[in-house]
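Please read the structure below before turning to the comments.
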Amino acid sequence: MRILSTVQFTGLRMLRNYIVLLLLLVVPILLITVFSFILAGVETETGEKPLHGVVKIMVVSFQLFGGSIVMSYIQHEFFTAHRMRLNMIPIRKELYAFSIMMCGTVYSILLGVILMLYSQFALGIPWNWAWSIYVITLMAILSSIVCLIFALAVRSFKLAERLSEVYGVGFILLAGLFFPMPDNAFFDFMGSYGNPLMLAMLSIQAIEQSNAGEAWFTANILLGAVVLLFVLMLVLGRRRIG
Amino acid sequence: MTVFRFVFLRSFRNTTNLIFLTLFPLVCIFMPQGDPWPVLPYGYQLFGVFLLFVSIRLASYIQVDRMSGVVKRLSIAPLSHASYLSQHLLAYLLIIMLQCVILVYGGVLYGQPLIQPFLLLILYISYSLAALAIALAWITLFRNKELAFFGFMSFVFLVSVLGGIIVPVSMFPEWLARIAVLFPTYWLAEGQLWIVYGNELGDFLFVNVVLWLYALVFMIIGSTRKLR
Amino acid sequence: MKAAMEPQLYVHTWRFLMVGVLCHLWVFGQDLTNVWILILLLLALACLRWRFALPLWTVVIDVCLCLVYAPYTTIGYYGLALPVFELAVRGRVLIAVLPFAILFLYEATPGLLFLFLLQALFVGLFAWAALGNQHSYKLEVDKQRKARYELERVKLELLEASESASQQAELMERYRIARQLHDHLGHDLTGASLALQAYVHMQEPEEARELLEEVQKRLERSTVNLRETVHNLTPVARIGVESLENVAQQFQYAAIRFHRSGDMLLVSAYQWTLLEACLKEALTNVARHSNATQVRVELQVTASIVRLLIHDNGTMTQPSLAGSGLRSLQMRARAMGGSFSISRDDGYLLVCVLPLSKEGAG
């Protein structure tokens, strides 16, 4: 019960972090808007609009960075500023850490949903709402877990931060969004089933093409990764926090 | 030139910085060629974005100095603000120039189709001057280092998209293409286009002059100790 | 808020705003990319003017740039607003009107261009007036401040002078007493004392009797002298606590009770002056502004401080501003290292505390 009463304040403190709001909400909105201007009239021969794909992949790819919210918060609460205070109060620390993780993830999902709302109603990008939110949720949880693993496994927070950036930017690069990756087995794998970003995109695209089997398959790979890493995180977390 | 020497030491003392400053140009060399766009290999395109990040990282040392009161203490030292600033910028420019040289020279050795490598180097140097000035002007606006960095990151995303580094300007609608000209990144892309297709040296000079003018404007803005 | 009231801020903002207008003209016009360099150059000049106070002749650069580009683009014409503004800000109205001549070279309808240049001229003149006013106000404020500081310095000097004068007077007085005692009493008393010593050894009764008479005469004379001296030394005017008591007794507007305690001699003359002024001021205020029926005055002297307390039972609670009288008393009390405070919570209470300097009292 004590943990529940902290949730409200965790949420408030996350909302007040303006840098996160700037980077994960304002910048994507601006970028999506700019791309919608650039790609406004473009259509492929089959009548598809590349804008839709670009916007969707951008909304999903910003979820890769959502984990940094949780990471910096955990860092602040458990390892630096509030560390001693947390040792004093009668609270179950692992539960508190879990609540922070949940809050951060929900916040990240919320930002994603706002982006979806904006792209749907301001730019007219059609979304399959239920499935997209499910996939985004998986992405947000995965990102939080990965970032937490970094924060727990590495002593220096700076390094953990860099690693989380590498995780985000790396998978975007591997997905070939900036430039095409070399054509070999490793990069092929990392550009498709080995890449959470591409898994999420494949899943969303599959459901749009009413290919439920493929959609579930890719989403389940993500789910599998979440479960696997969650166990790893628990092991690391018990060592560091518990 | 004491300040100059210590700026060098300070820039390379941090291991992350060292990796960041040397590794990335090396990675850029080996990036593939795009078809039909960008006209130069991808690494040479993205290097423009990267230079902006390097500039803010280097310029943030000046910001740290300003915020921690070092600049205030220097104001009573026998060292003028102009010489403090110019020695810093000179050192930073030299570091960035080194990266440009690594990138272009490495590209030539590796066999990337750079067409006119020497002129490309000059273009990069002009551009890095502008990038450094922009970073300097940017940090003048902020008190907090983190905020300045993340703000600049968002700014770089927008500028690189709008300036035609990530997406070619030829795809832009008419009005957006005209707005794109306002951003220094556009002139880098324009210069690279000239490197590949241009033939009149005057046009190339024009691109460089514009970049120098950007450098001048932003350097004047950035030269204030504090914008308030 | 203070920065927002600075006219110079608006001058800088206007410059950048005009460059923004030129950018707008460029984006929505049909000019070539080359024209962008003109805007950049004008921007660089605006930035320089923002950072440094450039001399006025630099507007020639602006004008030349604009004229060079004028045949190719309308931005060249509109850019002239910047030099017009610069000239107007420095108050050169006549020269500022000169660029308007460009209107005759402009092919299209010059209405908008004319209005644009006109607003530059007008805003520039307005800024000139505002900056000029600000400058003259600053000078005036500086002058006033200097005069005020001068006045305060003189006041403090006067206070110091009065303190030293009172000390001087005290010393003179002591000297006079000493001299008088020496001249009149010392002589006779010494004589008497010597005569008494001689009397002990005296053999002849007749001589001894004469000597005793002499001693008696001398002692009588001394007594008279002492009485006279003391009488001469006692001042006719009321000083110190007596004058305070006198002031209190003279007061007729309300019943007054005067208590005193401690050694009044510890308080030096210049401090009495202030205490008396305090009492007078307080009682005048009671008479003029208050509806009090009773006033309690307490004067307490301890080894280190003197404290004057004046308390009435008035019920006028409207917070009248501390008048110049009270303010000057406050200043004087502070100059003496003491404090002066007023409270209106329960009647009107005025407390003045002054420290007693050890050497001043001795």
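Letters for chains follow the order of the structure tokens (A, B, ...), residue numbers begin at 1 for each chain, and ligand numbers begin at 1 in the order shown.
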
Find the residues near Tyr105 in chain B: any atom within 12 Å, counting only C-alpha atoms, skip ones fewer than 3 places away on the same chain, and give them as a count of residues only. 22

Please identify every residue of chain C that has at least one atom no more than 10 Å from any atom of chain B, counting only C-alpha atoms, and report them as a PyMOL selection string. chain C and resi 3+23-24+26-34+36-38+40-52

Output C-alpha atoms for every residue in the selection just made, as an mmCIF file, in the first residue's frame.
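And here's part-v5.cif as it stands now:
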data_model
loop_
_atom_site.group_PDB
_atom_site.id
_atom_site.type_symbol
_atom_site.label_atom_id
_atom_site.label_comp_id
_atom_site.auth_asym_id
_atom_site.auth_seq_id
_atom_site.Cartn_x
_atom_site.Cartn_y
_atom_site.Cartn_z
ATOM 1 C CA ALA C 3 15.362 44.448 -18.314
ATOM 2 C CA CYS C 23 14.029 36.710 -44.451
ATOM 3 C CA HIS C 24 10.274 36.530 -44.869
ATOM 4 C CA TRP C 26 13.195 36.222 -49.318
ATOM 5 C CA VAL C 27 11.313 33.010 -48.493
ATOM 6 C CA PHE C 28 8.091 34.172 -50.087
ATOM 7 C CA GLY C 29 9.666 36.111 -52.929
ATOM 8 C CA GLN C 30 11.189 34.826 -56.130
ATOM 9 C CA ASP C 31 14.749 35.997 -55.544
ATOM 10 C CA LEU C 32 17.807 33.940 -56.313
ATOM 11 C CA THR C 33 19.799 32.183 -53.634
ATOM 12 C CA ASN C 34 22.552 34.790 -54.058
ATOM 13 C CA TRP C 36 20.534 35.413 -49.205
ATOM 14 C CA ILE C 37 24.069 36.683 -48.766
ATOM 15 C CA LEU C 38 22.752 40.261 -48.498
ATOM 16 C CA LEU C 40 23.320 37.419 -43.939
ATOM 17 C CA LEU C 41 25.541 40.474 -44.234
ATOM 18 C CA LEU C 42 22.841 42.744 -42.839
ATOM 19 C CA LEU C 43 22.308 40.253 -40.043
ATOM 20 C CA ALA C 44 26.020 40.238 -39.284
ATOM 21 C CA LEU C 45 25.969 44.041 -39.045
ATOM 22 C CA ALA C 46 22.908 43.927 -36.784
ATOM 23 C CA CYS C 47 24.699 41.406 -34.564
ATOM 24 C CA LEU C 48 27.781 43.609 -34.429
ATOM 25 C CA ARG C 49 25.625 46.572 -33.427
ATOM 26 C CA TRP C 50 24.080 44.463 -30.746
ATOM 27 C CA ARG C 51 27.422 43.422 -29.293
ATOM 28 C CA PHE C 52 29.451 46.589 -29.826
#

Test item: residues at most 10 Å from Arg66 in chain B, only C-alpha atoms, excluding those fewer than 5 positions along its chain, as a PDB file with N, CA and C atoms, in the first residue's frame:
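So the final result, stored in selection_26.pdb, reads:
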ATOM      1  N   SER B  60      30.666  22.880 -25.026  1.00  0.00           N
ATOM      2  CA  SER B  60      30.103  22.796 -23.674  1.00  0.00           C
ATOM      3  C   SER B  60      31.183  22.989 -22.614  1.00  0.00           C
ATOM      4  N   TYR B  61      32.450  22.833 -22.995  1.00  0.00           N
ATOM      5  CA  TYR B  61      33.512  23.154 -22.038  1.00  0.00           C
ATOM      6  C   TYR B  61      33.493  24.649 -21.707  1.00  0.00           C
ATOM      7  N   VAL B  71      35.132  31.879 -16.058  1.00  0.00           N
ATOM      8  CA  VAL B  71      35.225  33.058 -16.919  1.00  0.00           C
ATOM      9  C   VAL B  71      35.258  34.328 -16.078  1.00  0.00           C
ATOM     10  N   LYS B  72      34.463  34.301 -14.984  1.00  0.00           N
ATOM     11  CA  LYS B  72      34.437  35.465 -14.105  1.00  0.00           C
ATOM     12  C   LYS B  72      35.811  35.664 -13.476  1.00  0.00           C
ATOM     13  N   ARG B  73      36.405  34.532 -13.059  1.00  0.00           N
ATOM     14  CA  ARG B  73      37.721  34.642 -12.437  1.00  0.00           C
ATOM     15  C   ARG B  73      38.770  35.076 -13.459  1.00  0.00           C
ATOM     16  N   ILE B 139      25.037  27.536 -26.721  1.00  0.00           N
ATOM     17  CA  ILE B 139      25.288  27.394 -25.281  1.00  0.00           C
ATOM     18  C   ILE B 139      25.147  28.720 -24.555  1.00  0.00           C
ATOM     19  N   THR B 140      25.231  29.811 -25.309  1.00  0.00           N
ATOM     20  CA  THR B 140      25.048  31.117 -24.674  1.00  0.00           C
ATOM     21  C   THR B 140      23.614  31.293 -24.188  1.00  0.00           C
ATOM     22  N   ARG B 143      21.695  27.915 -19.310  1.00  0.00           N
ATOM     23  CA  ARG B 143      22.486  27.900 -18.094  1.00  0.00           C
ATOM     24  C   ARG B 143      22.897  26.476 -17.762  1.00  0.00           C
ATOM     25  N   ARG B 225      29.512  36.943 -22.844  1.00  0.00           N
ATOM     26  CA  ARG B 225      29.798  36.071 -21.713  1.00  0.00           C
ATOM     27  C   ARG B 225      28.513  35.452 -21.216  1.00  0.00           C
ATOM     28  N   LYS B 226      27.450  36.225 -21.247  1.00  0.00           N
ATOM     29  CA  LYS B 226      26.166  35.739 -20.798  1.00  0.00           C
ATOM     30  C   LYS B 226      25.106  36.512 -21.539  1.00  0.00           C
TER      31      LYS B 226
END

Name the residues of range 42-206 of chain B that come out as alpha helix (DSSP H) in a backbone DSSP run; write them as a PyMOL selection string. chain B and resi 42-67+70-74+81-110+117-140+145-162+174-180+184-197+201-206

Closest atom pairs, residues of chain A within 12 Å of chain B, only C-alpha atoms, as JSON lines:
{"residue": "A:Asn17", "atom": "CA", "partner": "B:Leu147", "partner_atom": "CA", "distance": 10.7}
{"residue": "A:Tyr18", "atom": "CA", "partner": "B:Leu147", "partner_atom": "CA", "distance": 9.0}
{"residue": "A:Ile19", "atom": "CA", "partner": "B:Leu147", "partner_atom": "CA", "distance": 6.6}
{"residue": "A:Val20", "atom": "CA", "partner": "B:Phe150", "partner_atom": "CA", "distance": 9.1}
{"residue": "A:Leu21", "atom": "CA", "partner": "B:Phe150", "partner_atom": "CA", "distance": 10.9}
{"residue": "A:Leu22", "atom": "CA", "partner": "B:Gly151", "partner_atom": "CA", "distance": 7.7}
{"residue": "A:Leu23", "atom": "CA", "partner": "B:Ser154", "partner_atom": "CA", "distance": 6.5}
{"residue": "A:Leu24", "atom": "CA", "partner": "B:Ser154", "partner_atom": "CA", "distance": 9.7}
{"residue": "A:Leu25", "atom": "CA", "partner": "B:Ser154", "partner_atom": "CA", "distance": 10.7}
{"residue": "A:Val26", "atom": "CA", "partner": "B:Ser154", "partner_atom": "CA", "distance": 8.7}
{"residue": "A:Val27", "atom": "CA", "partner": "B:Ser154", "partner_atom": "CA", "distance": 5.9}
{"residue": "A:Pro28", "atom": "CA", "partner": "B:Ser154", "partner_atom": "CA", "distance": 9.0}
{"residue": "A:Ile29", "atom": "CA", "partner": "B:Leu158", "partner_atom": "CA", "distance": 10.7}
{"residue": "A:Leu30", "atom": "CA", "partner": "B:Leu158", "partner_atom": "CA", "distance": 7.5}
{"residue": "A:Leu31", "atom": "CA", "partner": "B:Leu158", "partner_atom": "CA", "distance": 6.5}
{"residue": "A:Ile32", "atom": "CA", "partner": "B:Leu158", "partner_atom": "CA", "distance": 10.2}
{"residue": "A:Thr33", "atom": "CA", "partner": "B:Leu158", "partner_atom": "CA", "distance": 10.5}
{"residue": "A:Val34", "atom": "CA", "partner": "B:Leu162", "partner_atom": "CA", "distance": 7.5}
{"residue": "A:Phe35", "atom": "CA", "partner": "B:Val161", "partner_atom": "CA", "distance": 8.3}
{"residue": "A:Ser36", "atom": "CA", "partner": "B:Phe172", "partner_atom": "CA", "distance": 10.3}
{"residue": "A:Phe37", "atom": "CA", "partner": "B:Pro173", "partner_atom": "CA", "distance": 7.3}
{"residue": "A:Ile38", "atom": "CA", "partner": "B:Phe172", "partner_atom": "CA", "distance": 4.9}
{"residue": "A:Leu39", "atom": "CA", "partner": "B:Met171", "partner_atom": "CA", "distance": 7.6}
{"residue": "A:Ala40", "atom": "CA", "partner": "B:Pro173", "partner_atom": "CA", "distance": 8.3}
{"residue": "A:Gly41", "atom": "CA", "partner": "B:Pro173", "partner_atom": "CA", "distance": 8.7}
{"residue": "A:Val42", "atom": "CA", "partner": "B:Met171", "partner_atom": "CA", "distance": 8.9}
{"residue": "A:Lys158", "atom": "CA", "partner": "B:Thr16", "partner_atom": "CA", "distance": 9.7}
{"residue": "A:Leu159", "atom": "CA", "partner": "B:Thr16", "partner_atom": "CA", "distance": 8.9}
{"residue": "A:Arg162", "atom": "CA", "partner": "B:Thr16", "partner_atom": "CA", "distance": 9.5}
{"residue": "A:Leu163", "atom": "CA", "partner": "B:Thr16", "partner_atom": "CA", "distance": 11.9}
{"residue": "A:Leu173", "atom": "CA", "partner": "B:Met31", "partner_atom": "CA", "distance": 11.5}
{"residue": "A:Gly176", "atom": "CA", "partner": "B:Pro32", "partner_atom": "CA", "distance": 11.6}
{"residue": "A:Leu177", "atom": "CA", "partner": "B:Ile166", "partner_atom": "CA", "distance": 9.9}
{"residue": "A:Phe178", "atom": "CA", "partner": "B:Ile166", "partner_atom": "CA", "distance": 7.4}
{"residue": "A:Phe179", "atom": "CA", "partner": "B:Tyr42", "partner_atom": "CA", "distance": 6.6}
{"residue": "A:Pro180", "atom": "CA", "partner": "B:Pro32", "partner_atom": "CA", "distance": 7.7}
{"residue": "A:Met181", "atom": "CA", "partner": "B:Pro32", "partner_atom": "CA", "distance": 7.9}
{"residue": "A:Pro182", "atom": "CA", "partner": "B:Pro32", "partner_atom": "CA", "distance": 7.7}
{"residue": "A:Asp183", "atom": "CA", "partner": "B:Pro32", "partner_atom": "CA", "distance": 10.9}

Please, could you write that set of residues out with C-alpha atoms as a PDB file, in the first residue's frame?
ATOM      1  CA  ASN A  17      11.049  16.416 -16.583  1.00  0.00           C
ATOM      2  CA  TYR A  18      10.990  18.878 -19.439  1.00  0.00           C
ATOM      3  CA  ILE A  19      13.989  17.445 -21.243  1.00  0.00           C
ATOM      4  CA  VAL A  20      12.159  14.146 -21.686  1.00  0.00           C
ATOM      5  CA  LEU A  21       9.069  15.956 -22.874  1.00  0.00           C
ATOM      6  CA  LEU A  22      11.159  17.920 -25.354  1.00  0.00           C
ATOM      7  CA  LEU A  23      13.046  14.926 -26.727  1.00  0.00           C
ATOM      8  CA  LEU A  24      10.304  12.316 -26.730  1.00  0.00           C
ATOM      9  CA  LEU A  25       7.279  14.451 -27.522  1.00  0.00           C
ATOM     10  CA  VAL A  26       8.080  17.838 -29.040  1.00  0.00           C
ATOM     11  CA  VAL A  27      10.896  16.687 -31.317  1.00  0.00           C
ATOM     12  CA  PRO A  28       8.985  13.701 -32.758  1.00  0.00           C
ATOM     13  CA  ILE A  29       5.937  15.888 -33.350  1.00  0.00           C
ATOM     14  CA  LEU A  30       8.080  18.444 -35.185  1.00  0.00           C
ATOM     15  CA  LEU A  31       9.898  15.761 -37.166  1.00  0.00           C
ATOM     16  CA  ILE A  32       6.676  14.001 -38.123  1.00  0.00           C
ATOM     17  CA  THR A  33       5.223  17.336 -39.192  1.00  0.00           C
ATOM     18  CA  VAL A  34       8.261  18.185 -41.302  1.00  0.00           C
ATOM     19  CA  PHE A  35       8.213  14.775 -42.923  1.00  0.00           C
ATOM     20  CA  SER A  36       4.516  15.138 -43.597  1.00  0.00           C
ATOM     21  CA  PHE A  37       5.306  18.359 -45.472  1.00  0.00           C
ATOM     22  CA  ILE A  38       8.159  16.793 -47.381  1.00  0.00           C
ATOM     23  CA  LEU A  39       6.337  13.608 -48.315  1.00  0.00           C
ATOM     24  CA  ALA A  40       2.900  15.206 -48.669  1.00  0.00           C
ATOM     25  CA  GLY A  41       2.290  14.447 -52.322  1.00  0.00           C
ATOM     26  CA  VAL A  42       4.519  11.393 -52.733  1.00  0.00           C
ATOM     27  CA  LYS A 158      27.422   7.812 -17.755  1.00  0.00           C
ATOM     28  CA  LEU A 159      28.391   4.599 -19.468  1.00  0.00           C
ATOM     29  CA  ARG A 162      25.751   5.938 -23.490  1.00  0.00           C
ATOM     30  CA  LEU A 163      24.824   2.255 -23.767  1.00  0.00           C
ATOM     31  CA  LEU A 173      20.914   2.241 -37.799  1.00  0.00           C
ATOM     32  CA  GLY A 176      18.670   0.785 -42.221  1.00  0.00           C
ATOM     33  CA  LEU A 177      16.742   3.964 -41.667  1.00  0.00           C
ATOM     34  CA  PHE A 178      19.698   6.266 -42.283  1.00  0.00           C
ATOM     35  CA  PHE A 179      21.440   4.271 -44.966  1.00  0.00           C
ATOM     36  CA  PRO A 180      21.222   0.713 -46.286  1.00  0.00           C
ATOM     37  CA  MET A 181      23.189  -1.845 -44.340  1.00  0.00           C
ATOM     38  CA  PRO A 182      25.636  -4.207 -46.057  1.00  0.00           C
ATOM     39  CA  ASP A 183      24.016  -7.267 -47.509  1.00  0.00           C
TER      40      ASP A 183
END

Please provide as number ranges by chain all residues within 7 Å of Leu219 in chain C, with the sequence filter that same-chain residues fewer than 3 positions apart are discarded (counting only C-alpha atoms). C: 189, 192, 215-216, 222-223

I need the chosen residues saved as a tab-separated table (two decimals), in the first residue's frame, with C-alpha atoms.
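And here's selection_24.tsv as it stands now:
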chain	number	residue	atom	x	y	z
C	189	LEU	CA	43.16	75.46	53.40
C	192	ALA	CA	45.18	76.59	57.81
C	215	VAL	CA	43.18	79.20	61.38
C	216	GLN	CA	39.53	79.80	62.27
C	222	SER	CA	37.32	78.91	52.87
C	223	THR	CA	33.78	77.94	53.74

Skip Phe251 in chain C itself and residues of its chain fewer than 5 positions away, then list as a compact mmCIF listing (two decimals) with N, CA and C atoms, in the first residue's frame all residues within 10 Å of it, counting only C-alpha atoms.
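Heads up, here's the output in out15.txt:
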# COMPACT_ATOMS: atom_id res chain seq x y z
N ASN C 246 11.15 68.96 33.25
CA ASN C 246 10.51 70.24 33.00
C ASN C 246 9.59 70.15 31.79
N ILE C 256 0.45 63.14 32.73
CA ILE C 256 1.74 62.57 32.41
C ILE C 256 2.41 62.07 33.69
N LYS C 280 10.16 65.66 23.36
CA LYS C 280 9.39 66.79 22.81
C LYS C 280 8.60 66.34 21.59
N LEU C 283 5.71 64.06 22.61
CA LEU C 283 4.62 64.76 23.25
C LEU C 283 3.89 65.67 22.27
N THR C 284 4.64 66.26 21.35
CA THR C 284 4.00 67.08 20.31
C THR C 284 3.05 66.22 19.48
N ALA C 287 -0.04 65.55 21.36
CA ALA C 287 -0.91 66.72 21.39
C ALA C 287 -1.59 66.93 20.05

Using only C-alpha atoms, which protein or nucleic acid residues come within 9 Å of Val59 in chain A? Drop anything in the same chain fewer than 2 positions from it, and give the result as a list in words.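 The residues satisfying every condition are Pro28, Ile32, Val54, Val55, Lys56, Ile57, Ser61, Phe62, Gln63, Gly112, Val113, Leu115, Met116 and Ile136 of chain A.
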
In Å and to one decimal, CA of Thr229 in chain C is distant from CA of Arg176 in chain C by 10.3 Å

Would you mind telling me which residue in A:Ile221, A:Leu4, A:Ala130, A:Ala212 lies nearest to Gly194 in chain A when using only C-alpha atoms?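 Counting only C-alpha atoms, the residue closest to Gly194 in chain A is A:Ile221.
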